[in-house]
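**Student:** For reference, this is upload.tsv, and it has TSV, C-alpha atoms (C1' of nucleotides).
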chain	number	residue	atom	x	y	z
Z	1	MET	CA	-15.40	16.85	25.76
Z	2	GLU	CA	-14.35	15.64	22.38
Z	3	ASN	CA	-14.41	18.12	19.52
Z	4	ASP	CA	-15.17	17.33	15.88
Z	5	VAL	CA	-11.59	17.36	14.67
Z	6	THR	CA	-10.42	14.90	17.32
Z	7	ARG	CA	-13.40	12.73	16.59
Z	8	GLN	CA	-12.60	12.62	12.90
Z	9	THR	CA	-9.04	11.47	13.50
Z	10	ARG	CA	-10.18	8.87	16.00
Z	11	LYS	CA	-12.84	7.49	13.67
Z	12	LEU	CA	-10.35	7.32	10.86
Z	13	SER	CA	-7.85	5.38	12.96
Z	14	GLN	CA	-10.63	2.96	13.92
Z	15	LEU	CA	-11.56	2.49	10.30
Z	16	TYR	CA	-7.92	1.93	9.44
Z	17	ALA	CA	-7.64	-0.95	11.92
Z	18	PHE	CA	-10.89	-2.46	10.74
Z	19	THR	CA	-9.97	-2.24	7.05
Z	20	SER	CA	-6.66	-3.84	7.82
Z	21	ILE	CA	-8.36	-6.86	9.39
Z	22	GLN	CA	-10.61	-7.25	6.36
Z	23	MET	CA	-7.63	-7.25	4.04
Z	24	HIS	CA	-5.70	-9.76	6.10
Z	25	GLU	CA	-8.68	-12.08	6.14
Z	26	ALA	CA	-9.09	-11.79	2.39
Z	27	ILE	CA	-5.42	-12.60	1.87
Z	28	ALA	CA	-5.63	-15.56	4.26
Z	29	ARG	CA	-8.71	-16.98	2.54
Z	30	LYS	CA	-6.98	-16.69	-0.80
Z	31	ALA	CA	-4.03	-18.63	0.58
Z	32	GLY	CA	-6.36	-21.34	1.93
Z	33	LEU	CA	-5.97	-20.37	5.59
Z	34	SER	CA	-8.24	-18.81	8.19
Z	35	GLY	CA	-7.61	-15.28	9.37
Z	36	THR	CA	-6.30	-16.49	12.72
Z	37	ASP	CA	-3.98	-19.05	11.14
Z	38	HIS	CA	-2.56	-16.32	8.93
Z	39	LYS	CA	-1.95	-14.15	11.98
Z	40	TYR	CA	-0.16	-16.89	13.89
Z	41	LEU	CA	1.91	-17.93	10.90
Z	42	GLY	CA	3.11	-14.33	10.92
Z	43	PHE	CA	4.44	-14.85	14.46
Z	44	LEU	CA	6.48	-17.81	13.27
Z	45	ILE	CA	7.93	-15.95	10.32
Z	46	GLU	CA	8.75	-13.00	12.54
Z	47	LYS	CA	10.54	-15.06	15.17
Z	48	GLY	CA	12.04	-17.65	12.81
Z	49	GLN	CA	11.16	-20.63	14.96
Z	50	MET	CA	9.78	-21.35	18.39
Z	51	THR	CA	8.51	-24.17	20.58
Z	52	ALA	CA	4.85	-25.18	20.73
Z	53	GLY	CA	4.70	-23.86	24.28
Z	54	GLU	CA	6.03	-20.45	23.27
Z	55	LEU	CA	3.42	-20.27	20.53
Z	56	SER	CA	0.75	-21.15	23.08
Z	57	THR	CA	1.83	-18.34	25.41
Z	58	LEU	CA	2.14	-15.88	22.54
Z	59	THR	CA	-1.25	-16.64	21.04
Z	60	GLY	CA	-3.10	-17.20	24.28
Z	61	LEU	CA	-4.35	-20.53	22.91
Z	62	THR	CA	-4.39	-23.71	25.00
Z	63	THR	CA	-1.70	-26.29	24.24
Z	64	GLY	CA	-4.36	-28.49	22.66
Z	65	ALA	CA	-5.37	-25.76	20.25
Z	66	VAL	CA	-1.72	-25.18	19.36
Z	67	THR	CA	-1.32	-28.86	18.55
Z	68	GLY	CA	-4.18	-28.50	16.07
Z	69	LEU	CA	-2.73	-25.28	14.67
Z	70	ILE	CA	0.65	-26.90	14.00
Z	71	ASP	CA	-1.09	-29.96	12.51
Z	72	ARG	CA	-2.86	-27.72	10.00
Z	73	PHE	CA	0.35	-25.91	9.08
Z	74	GLU	CA	2.27	-29.17	8.83
Z	75	LYS	CA	-0.33	-30.75	6.58
Z	76	LYS	CA	0.16	-27.80	4.21
Z	77	LYS	CA	3.95	-28.28	4.54
Z	78	LEU	CA	4.34	-24.71	5.81
Z	79	VAL	CA	6.21	-25.80	8.95
Z	80	LYS	CA	8.13	-28.80	10.25
Z	81	ARG	CA	8.10	-30.30	13.74
Z	82	LYS	CA	11.36	-31.39	15.33
Z	83	PHE	CA	12.38	-32.22	18.86
Z	84	ALA	CA	14.73	-29.86	20.67
Z	85	GLU	CA	18.25	-31.27	21.06
Z	86	ASP	CA	18.58	-30.14	24.67
Z	87	ASP	CA	15.09	-31.21	25.81
Z	88	ARG	CA	13.30	-33.88	23.86
Z	89	ARG	CA	9.90	-33.01	25.32
Z	90	LYS	CA	9.98	-29.70	23.48
Z	91	VAL	CA	8.69	-29.49	19.94
Z	92	ILE	CA	10.35	-26.87	17.80
Z	93	ILE	CA	8.22	-25.49	15.01
Z	94	GLU	CA	10.36	-24.54	12.07
Z	95	PRO	CA	8.62	-22.45	9.41
Z	96	ASP	CA	9.47	-23.12	5.80
Z	97	THR	CA	9.97	-19.45	5.09
Z	98	LYS	CA	10.54	-19.96	1.40
Z	99	LYS	CA	7.34	-21.96	0.97
Z	100	ILE	CA	5.34	-19.46	3.01
Z	101	MET	CA	6.74	-16.54	1.04
Z	102	THR	CA	5.90	-18.23	-2.24
Z	103	LEU	CA	2.35	-18.56	-0.99
Z	104	PHE	CA	1.86	-15.02	0.28
Z	105	VAL	CA	4.14	-12.73	-1.70
Z	106	PRO	CA	1.98	-12.76	-4.84
Z	107	LEU	CA	-1.04	-11.80	-2.74
Z	108	TYR	CA	0.77	-8.97	-0.96
Z	109	LYS	CA	2.87	-7.78	-3.84
Z	110	GLU	CA	0.68	-5.01	-5.20
Z	111	PHE	CA	-0.37	-3.85	-1.75
Z	112	ARG	CA	3.22	-3.62	-0.63
Z	113	LYS	CA	4.30	-1.66	-3.68
Z	114	LYS	CA	1.48	0.84	-3.21
Z	115	SER	CA	2.19	1.13	0.52
Z	116	GLU	CA	5.84	1.86	-0.04
Z	117	LYS	CA	4.93	4.45	-2.62
Z	118	LEU	CA	2.52	6.08	-0.19
Z	119	ILE	CA	5.07	6.18	2.60
Z	120	ALA	CA	7.71	7.53	0.25
Z	121	SER	CA	5.36	10.35	-0.73
Z	122	PHE	CA	5.81	11.87	2.74
Z	123	SER	CA	8.85	13.86	3.80
Z	124	THR	CA	11.11	12.59	6.56
Z	125	ARG	CA	9.58	15.09	8.95
Z	126	GLU	CA	6.07	14.02	8.04
Z	127	ARG	CA	6.93	10.34	8.41
Z	128	LYS	CA	8.27	11.13	11.85
Z	129	ILE	CA	4.88	12.56	12.84
Z	130	ILE	CA	3.04	9.51	11.56
Z	131	GLU	CA	5.43	7.21	13.39
Z	132	THR	CA	5.05	9.16	16.60
Z	133	TYR	CA	1.30	8.80	16.40
Z	134	PHE	CA	1.56	5.07	15.76
Z	135	SER	CA	4.06	4.44	18.54
Z	136	LYS	CA	2.09	6.31	21.14
Z	137	ALA	CA	-1.24	4.84	20.05
Z	138	ILE	CA	0.26	1.35	20.24
Z	139	GLU	CA	1.46	2.08	23.75
Z	140	ILE	CA	-2.00	3.21	24.82
Z	141	MET	CA	-3.65	0.13	23.30
Z	142	ASN	CA	-1.19	-2.27	24.88
Z	143	ASP	CA	-1.74	-0.57	28.19
Z	144	THR	CA	-5.51	-0.93	27.87
Z	145	THR	CA	-5.24	-4.57	26.81
Z	146	SER	CA	-2.94	-5.64	29.62
Z	147	LYS	CA	-5.08	-3.87	32.22
Z	148	LEU	CA	-8.20	-5.65	30.92
Z	149	ASN	CA	-6.50	-9.04	30.83
Z	150	LYS	CA	-5.19	-8.59	34.33
Z	151	LYS	CA	-8.41	-7.61	36.07
H	1	MET	CA	13.63	-1.63	-3.41
H	2	GLU	CA	12.44	-0.77	0.04
H	3	ASN	CA	14.73	1.30	2.22
H	4	ASP	CA	15.03	1.10	6.00
H	5	VAL	CA	12.98	4.18	6.75
H	6	THR	CA	10.06	3.04	4.64
H	7	ARG	CA	10.30	-0.39	6.19
H	8	GLN	CA	10.14	1.03	9.68
H	9	THR	CA	6.97	3.00	8.98
H	10	ARG	CA	5.37	0.02	7.30
H	11	LYS	CA	6.22	-2.33	10.16
H	12	LEU	CA	4.85	0.18	12.64
H	13	SER	CA	1.58	0.50	10.79
H	14	GLN	CA	1.29	-3.30	10.73
H	15	LEU	CA	1.93	-3.46	14.45
H	16	TYR	CA	-0.67	-0.77	14.99
H	17	ALA	CA	-3.35	-2.80	13.24
H	18	PHE	CA	-2.36	-5.94	15.10
H	19	THR	CA	-2.35	-4.23	18.51
H	20	SER	CA	-5.73	-2.79	17.76
H	21	ILE	CA	-7.18	-6.24	17.13
H	22	GLN	CA	-5.76	-7.52	20.40
H	23	MET	CA	-7.33	-4.67	22.32
H	24	HIS	CA	-10.71	-5.11	20.69
H	25	GLU	CA	-10.65	-8.79	21.54
H	26	ALA	CA	-9.73	-8.07	25.14
H	27	ILE	CA	-12.59	-5.58	25.42
H	28	ALA	CA	-15.01	-8.03	23.82
H	29	ARG	CA	-14.00	-10.85	26.16
H	30	LYS	CA	-14.47	-8.57	29.12
H	31	ALA	CA	-17.98	-7.74	27.90
H	32	GLY	CA	-18.77	-11.44	27.52
H	33	LEU	CA	-18.69	-11.42	23.71
H	34	SER	CA	-16.37	-12.88	21.10
H	35	GLY	CA	-14.17	-10.59	19.02
H	36	THR	CA	-16.32	-11.08	15.94
H	37	ASP	CA	-19.54	-10.42	17.81
H	38	HIS	CA	-18.05	-7.19	19.12
H	39	LYS	CA	-17.15	-6.17	15.60
H	40	TYR	CA	-20.60	-6.86	14.22
H	41	LEU	CA	-22.32	-5.16	17.12
H	42	GLY	CA	-20.30	-2.11	16.07
H	43	PHE	CA	-21.96	-2.24	12.65
H	44	LEU	CA	-25.37	-2.12	14.29
H	45	ILE	CA	-24.48	0.80	16.52
H	46	GLU	CA	-22.99	2.63	13.55
H	47	LYS	CA	-26.01	2.17	11.32
H	48	GLY	CA	-28.65	2.40	14.06
H	49	GLN	CA	-30.69	-0.53	12.83
H	50	MET	CA	-30.81	-2.86	9.84
H	51	THR	CA	-32.47	-6.01	8.57
H	52	ALA	CA	-30.99	-9.48	9.08
H	53	GLY	CA	-30.32	-9.66	5.35
H	54	GLU	CA	-28.38	-6.39	5.34
H	55	LEU	CA	-26.28	-7.66	8.22
H	56	SER	CA	-25.62	-10.85	6.28
H	57	THR	CA	-24.40	-8.92	3.24
H	58	LEU	CA	-22.34	-6.55	5.36
H	59	THR	CA	-20.63	-9.27	7.38
H	60	GLY	CA	-20.32	-11.81	4.59
H	61	LEU	CA	-21.94	-14.42	6.85
H	62	THR	CA	-24.65	-16.79	5.65
H	63	THR	CA	-28.20	-16.04	6.72
H	64	GLY	CA	-28.06	-19.00	9.07
H	65	ALA	CA	-25.02	-17.61	10.84
H	66	VAL	CA	-26.72	-14.23	11.14
H	67	THR	CA	-29.72	-15.87	12.78
H	68	GLY	CA	-27.34	-17.28	15.39
H	69	LEU	CA	-25.59	-13.94	15.78
H	70	ILE	CA	-28.85	-12.13	16.45
H	71	ASP	CA	-29.94	-14.91	18.83
H	72	ARG	CA	-26.79	-14.36	20.90
H	73	PHE	CA	-27.30	-10.59	20.98
H	74	GLU	CA	-30.97	-10.97	21.79
H	75	LYS	CA	-30.29	-13.37	24.65
H	76	LYS	CA	-28.04	-10.70	26.16
H	77	LYS	CA	-30.81	-8.14	25.52
H	78	LEU	CA	-28.47	-6.04	23.39
H	79	VAL	CA	-30.85	-5.99	20.42
H	80	LYS	CA	-34.54	-6.56	19.69
H	81	ARG	CA	-36.09	-8.28	16.70
H	82	LYS	CA	-39.15	-6.78	15.06
H	83	PHE	CA	-40.87	-7.32	11.76
H	84	ALA	CA	-40.74	-4.55	9.19
H	85	GLU	CA	-44.08	-2.77	8.76
H	86	ASP	CA	-43.89	-2.70	4.99
H	87	ASP	CA	-42.68	-6.29	4.53
H	88	ARG	CA	-43.36	-8.75	7.28
H	89	ARG	CA	-40.76	-11.23	6.04
H	90	LYS	CA	-38.01	-8.79	6.97
H	91	VAL	CA	-36.59	-8.83	10.47
H	92	ILE	CA	-35.35	-5.50	11.70
H	93	ILE	CA	-32.61	-5.68	14.29
H	94	GLU	CA	-32.85	-2.77	16.65
H	95	PRO	CA	-29.81	-2.26	18.89
H	96	ASP	CA	-30.44	-1.15	22.45
H	97	THR	CA	-27.83	1.58	22.17
H	98	LYS	CA	-28.16	2.60	25.79
H	99	LYS	CA	-27.63	-0.95	27.05
H	100	ILE	CA	-24.70	-1.53	24.71
H	101	MET	CA	-23.09	1.75	25.76
H	102	THR	CA	-23.49	0.87	29.41
H	103	LEU	CA	-21.68	-2.36	28.69
H	104	PHE	CA	-18.79	-0.98	26.67
H	105	VAL	CA	-18.21	2.60	27.81
H	106	PRO	CA	-16.53	1.62	31.08
H	107	LEU	CA	-14.14	-0.63	29.18
H	108	TYR	CA	-13.30	2.00	26.58
H	109	LYS	CA	-13.33	5.02	28.86
H	110	GLU	CA	-9.68	5.26	29.77
H	111	PHE	CA	-8.54	4.30	26.29
H	112	ARG	CA	-10.70	6.96	24.75
H	113	LYS	CA	-9.51	9.66	27.11
H	114	LYS	CA	-5.89	8.85	26.40
H	115	SER	CA	-6.51	8.68	22.65
H	116	GLU	CA	-8.16	12.08	22.62
H	117	LYS	CA	-5.30	13.50	24.59
H	118	LEU	CA	-2.82	12.01	22.14
H	119	ILE	CA	-4.65	13.39	19.12
H	120	ALA	CA	-4.96	16.78	20.78
H	121	SER	CA	-1.21	16.84	21.32
H	122	PHE	CA	-0.71	17.25	17.58
H	123	SER	CA	-1.16	20.53	15.72
H	124	THR	CA	-3.88	20.88	13.09
H	125	ARG	CA	-1.27	20.59	10.37
H	126	GLU	CA	0.19	17.46	11.92
H	127	ARG	CA	-3.23	15.89	12.32
H	128	LYS	CA	-3.85	16.57	8.67
H	129	ILE	CA	-0.74	14.57	7.77
H	130	ILE	CA	-1.82	11.64	9.93
H	131	GLU	CA	-5.30	11.73	8.44
H	132	THR	CA	-3.94	11.81	4.92
H	133	TYR	CA	-1.86	8.74	5.63
H	134	PHE	CA	-4.84	6.90	7.10
H	135	SER	CA	-7.20	7.83	4.26
H	136	LYS	CA	-4.82	6.78	1.55
H	137	ALA	CA	-3.78	3.60	3.32
H	138	ILE	CA	-7.44	2.67	3.78
H	139	GLU	CA	-8.02	3.19	0.09
H	140	ILE	CA	-5.10	0.93	-0.81
H	141	MET	CA	-6.29	-1.81	1.55
H	142	ASN	CA	-9.88	-1.67	0.30
H	143	ASP	CA	-8.59	-1.88	-3.23
H	144	THR	CA	-6.50	-4.95	-2.39
H	145	THR	CA	-9.38	-6.62	-0.56
H	146	SER	CA	-11.94	-6.13	-3.29
H	147	LYS	CA	-9.53	-7.36	-5.95
H	148	LEU	CA	-8.83	-10.51	-3.94
H	149	ASN	CA	-12.50	-11.17	-3.27
H	150	LYS	CA	-13.37	-10.70	-6.90
H	151	LYS	CA	-10.81	-13.03	-8.46
R	1	DG	C1'	21.13	-44.13	41.06
R	2	DG	C1'	16.25	-44.38	41.93
R	3	DT	C1'	11.92	-42.29	42.87
R	4	DA	C1'	8.85	-38.38	42.91
R	5	DA	C1'	7.63	-33.98	41.12
R	6	DA	C1'	7.55	-30.94	37.43
R	7	DT	C1'	7.26	-29.81	32.62
R	8	DA	C1'	6.03	-30.03	27.45
R	9	DT	C1'	3.12	-31.75	24.29
R	10	DC	C1'	-0.63	-34.57	22.75
R	11	DT	C1'	-5.27	-36.78	23.10
R	12	DT	C1'	-10.10	-36.94	24.11
R	13	DA	C1'	-14.74	-35.31	24.97
R	14	DG	C1'	-17.67	-31.64	24.75
R	15	DT	C1'	-18.87	-26.80	23.04
R	16	DT	C1'	-19.51	-22.95	19.87
R	17	DA	C1'	-20.03	-20.72	15.61
R	18	DC	C1'	-19.83	-21.57	11.10
R	19	DT	C1'	-21.70	-23.35	6.07
R	20	DA	C1'	-24.90	-25.57	2.81
R	21	DA	C1'	-29.17	-26.96	1.84
R	22	DG	C1'	-33.78	-27.08	2.49
R	23	DA	C1'	-38.26	-25.45	5.19
R	24	DT	C1'	-41.43	-21.77	6.14
R	25	DA	C1'	-43.83	-17.66	5.53
R	26	DA	C1'	-44.77	-13.33	3.13
R	27	DT	C1'	-44.80	-10.72	-1.07
R	28	DA	C1'	-44.65	-9.91	-6.11
R	29	DT	C1'	-45.91	-11.33	-10.68
R	30	DA	C1'	-48.39	-13.27	-14.49
Q	1	DT	C1'	-55.59	-17.11	-8.19
Q	2	DA	C1'	-51.53	-19.84	-8.87
Q	3	DT	C1'	-46.63	-19.52	-9.23
Q	4	DA	C1'	-42.25	-17.56	-8.55
Q	5	DT	C1'	-39.42	-14.90	-5.70
Q	6	DT	C1'	-37.67	-13.22	-1.46
Q	7	DA	C1'	-36.33	-13.03	3.66
Q	8	DT	C1'	-35.42	-15.51	7.45
Q	9	DC	C1'	-35.07	-19.69	10.09
Q	10	DT	C1'	-33.98	-24.66	10.83
Q	11	DT	C1'	-31.24	-28.74	10.43
Q	12	DA	C1'	-27.22	-31.61	9.75
Q	13	DG	C1'	-22.56	-31.67	9.39
Q	14	DT	C1'	-17.81	-29.47	10.09
Q	15	DA	C1'	-13.78	-26.87	12.05
Q	16	DA	C1'	-11.41	-25.00	15.78
Q	17	DC	C1'	-11.66	-24.12	20.30
Q	18	DT	C1'	-11.33	-25.34	25.81
Q	19	DA	C1'	-10.67	-28.28	29.92
Q	20	DA	C1'	-9.00	-32.16	31.72
Q	21	DG	C1'	-6.30	-35.96	31.70
Q	22	DA	C1'	-2.53	-39.17	29.30
Q	23	DT	C1'	2.20	-39.70	27.86
Q	24	DA	C1'	6.99	-38.87	27.69
Q	25	DT	C1'	10.97	-36.52	29.28
Q	26	DT	C1'	13.65	-33.91	32.51
Q	27	DT	C1'	14.78	-32.14	37.13
Q	28	DA	C1'	15.24	-32.48	42.09
Q	29	DC	C1'	15.94	-34.78	46.17
Q	30	DC	C1'	17.34	-38.49	49.25
Go ahead and render the structure in this file as structure tokens.

**Tutor:**
Amino acid sequence: MENDVTRQTRKLSQLYAFTSIQMHEAIARKAGLSGTDHKYLGFLIEKGQMTAGELSTLTGLTTGAVTGLIDRFEKKKLVKRKFAEDDRRKVIIEPDTKKIMTLFVPLYKEFRKKSEKLIASFSTRERKIIETYFSKAIEIMNDTTSKLNKK
Amino acid sequence: MENDVTRQTRKLSQLYAFTSIQMHEAIARKAGLSGTDHKYLGFLIEKGQMTAGELSTLTGLTTGAVTGLIDRFEKKKLVKRKFAEDDRRKVIIEPDTKKIMTLFVPLYKEFRKKSEKLIASFSTRERKIIETYFSKAIEIMNDTTSKLNKK
DNA sequence: GGTAAATATCTTAGTTACTAAGATAATATA
DNA sequence: TATATTATCTTAGTAACTAAGATATTTACC
């Protein structure tokens, strides 16, 4: 059975995830994108560039939906399409990192500064504890997700 | 300037939020709901019951969208509509907690067990550190969100 | 080398959930 | 009582999705 202390931590971690979504959606809206588009643009920034097919696999969207996604980004000049040299069927999506940064950095700036300050307020040992919790919780969630998607 | 250690913690907390969304969407899909519907159903469970208008304010959806939302829940027999005694214009949405639990508990069961075990693996002092991080991070995010929505 | 199969992306038709604006019904106010 | 306000619903139009099929390129086989 779950005791009160465990429950409190669990509830707080739930609220953390939820609050994070709300913030990301607010940032996206402010940048003229939907929450999902913001999320997927993050993938591109993270990876640098990828093909339309890779983005489809990564996002779980159909290839048709990915075509639309890239169209929206391209119209805003946030990415460029180019054919792969080695296989001209493939479409490489190249994010304009500079342009994207210019769009988002002002919106994230204050948040990032405060976050860094918060993290810095913990000792190395304390940060280690927080990181351990995050790592293990992520593992559990990924496990749950992949089991659900399989069955 | 951000150092590597800070960066690592920040990245991990980002990944945590992202992974959490993925899991919630997987659970929702499995229950035959969309990710957003799952989220909003959570509001209802949390609060017990509320009027359509309150749900509209809480979710930020238009009243028309809320009508559709309730229709979808009602069709699945997850909630019931009834008029408020004191003001018959108001529609009270009453969640069938039992039915909703029956739907979601099996999907969450293993995750919850593992989460509780993880939380229990930390000492009271360690849990306190994790909770402090969460609380303060939530505050920062809420601050950012409300500022963005205001401007 | 030429033909068939496979692959990567795009297009089209149909669906779902949203918004904006206005309709309906109940309540509050003058 | 008549009018204004409020709470929800309805309607018309839009955006982003899926499924299925079209198009273009590459790979495999004889």

**Student:** So which one's closest to chain Z, Q:DA20, Q:DA12, Q:DC30, Q:DA7? Using all atoms listed in the file, please.

**Tutor:**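 Comparing Q:DA20, Q:DA12, Q:DC30, Q:DA7 against chain Z, the winner is Q:DA20.
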
**Student:** Could you build a table of the residues in chain Q lying no more than 9 Å from chain H, giving for each the nearest pair of atoms and their separation in Å rounded to one decimal place, using all atoms listed in the file, ordered by chain and ascending residue number, as a Markdown table?

**Tutor:**
| residue | atom | partner | partner_atom | distance |
| --- | --- | --- | --- | --- |
| Q:DT6 | C1' | H:Arg89 | CA | 8.4 |
| Q:DA7 | C1' | H:Arg89 | CA | 5.3 |
| Q:DT8 | C1' | H:Arg89 | CA | 7.0 |
| Q:DC9 | C1' | H:Thr67 | CA | 7.1 |
| Q:DT10 | C1' | H:Gly64 | CA | 8.4 |

**Student:** Give the residues of chain H that lie within 6 Å of chain Z; count all atoms listed in the file, and format the answer as number ranges by chain.

**Tutor:** H: 16-17, 23, 26, 130, 138, 145

**Student:** At a cut-off of 7 Å around the point (7.2, -34.1, 28.2) (file coordinates), what residues fall inside when counting only C-alpha atoms (C1' of nucleotides)? I'd like the answer as a ChimeraX atom specification.

**Tutor:** /Z:89 /R:7-9 /Q:24-25

**Student:** In Å, with one decimal, what is the gap from CA of Gly48 (chain Z) to CA of Asp96 (chain Z)?

**Tutor:**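 Spanning CA of Gly48 (chain Z) to CA of Asp96 (chain Z) is a straight-line distance of 9.3 Å.
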
**Student:** Interatomic distance between CA of Leu41 (chain Z) and CA of Thr36 (chain H)?

**Tutor:**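 So the answer is 20.1 Å.
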
**Student:** Could you pull the residues within 12 Å of Glu46 (chain H), counting all atoms listed in the file, minus those fewer than 2 positions along the same chain, as a ChimeraX atom specification?

**Tutor:** /Z:11,15 /H:39-44,48-50,94-95,97

**Student:** Measure the distance from CA of Val105 (chain Z) to CA of Gly60 (chain H) in Å and round it to one decimal.

**Tutor:**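 About the pair CA of Val105 (chain Z) and CA of Gly60 (chain H): they are 25.3 Å apart.
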
**Student:** Write out as a compact mmCIF listing (two decimals) with C-alpha atoms (C1' of nucleotides), in the frame of the given file every residue belonging to chain R that has an atom at most 9 Å from any atom of chain H, counting all atoms listed in the file.

**Tutor:**
# COMPACT_ATOMS: atom_id res chain seq x y z
C1' DA R 17 -20.03 -20.72 15.61
C1' DC R 18 -19.83 -21.57 11.10
C1' DT R 19 -21.70 -23.35 6.07
C1' DA R 25 -43.83 -17.66 5.53
C1' DA R 26 -44.77 -13.33 3.13
C1' DT R 27 -44.80 -10.72 -1.07

**Student:** So, with only C-alpha atoms (C1' of nucleotides) as the atoms that count, which of Q:DA28, Q:DA22, Q:DA4, Q:DA16 lies closest to DC10 (chain R)?

**Tutor:**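 Closest candidate: Q:DA22.
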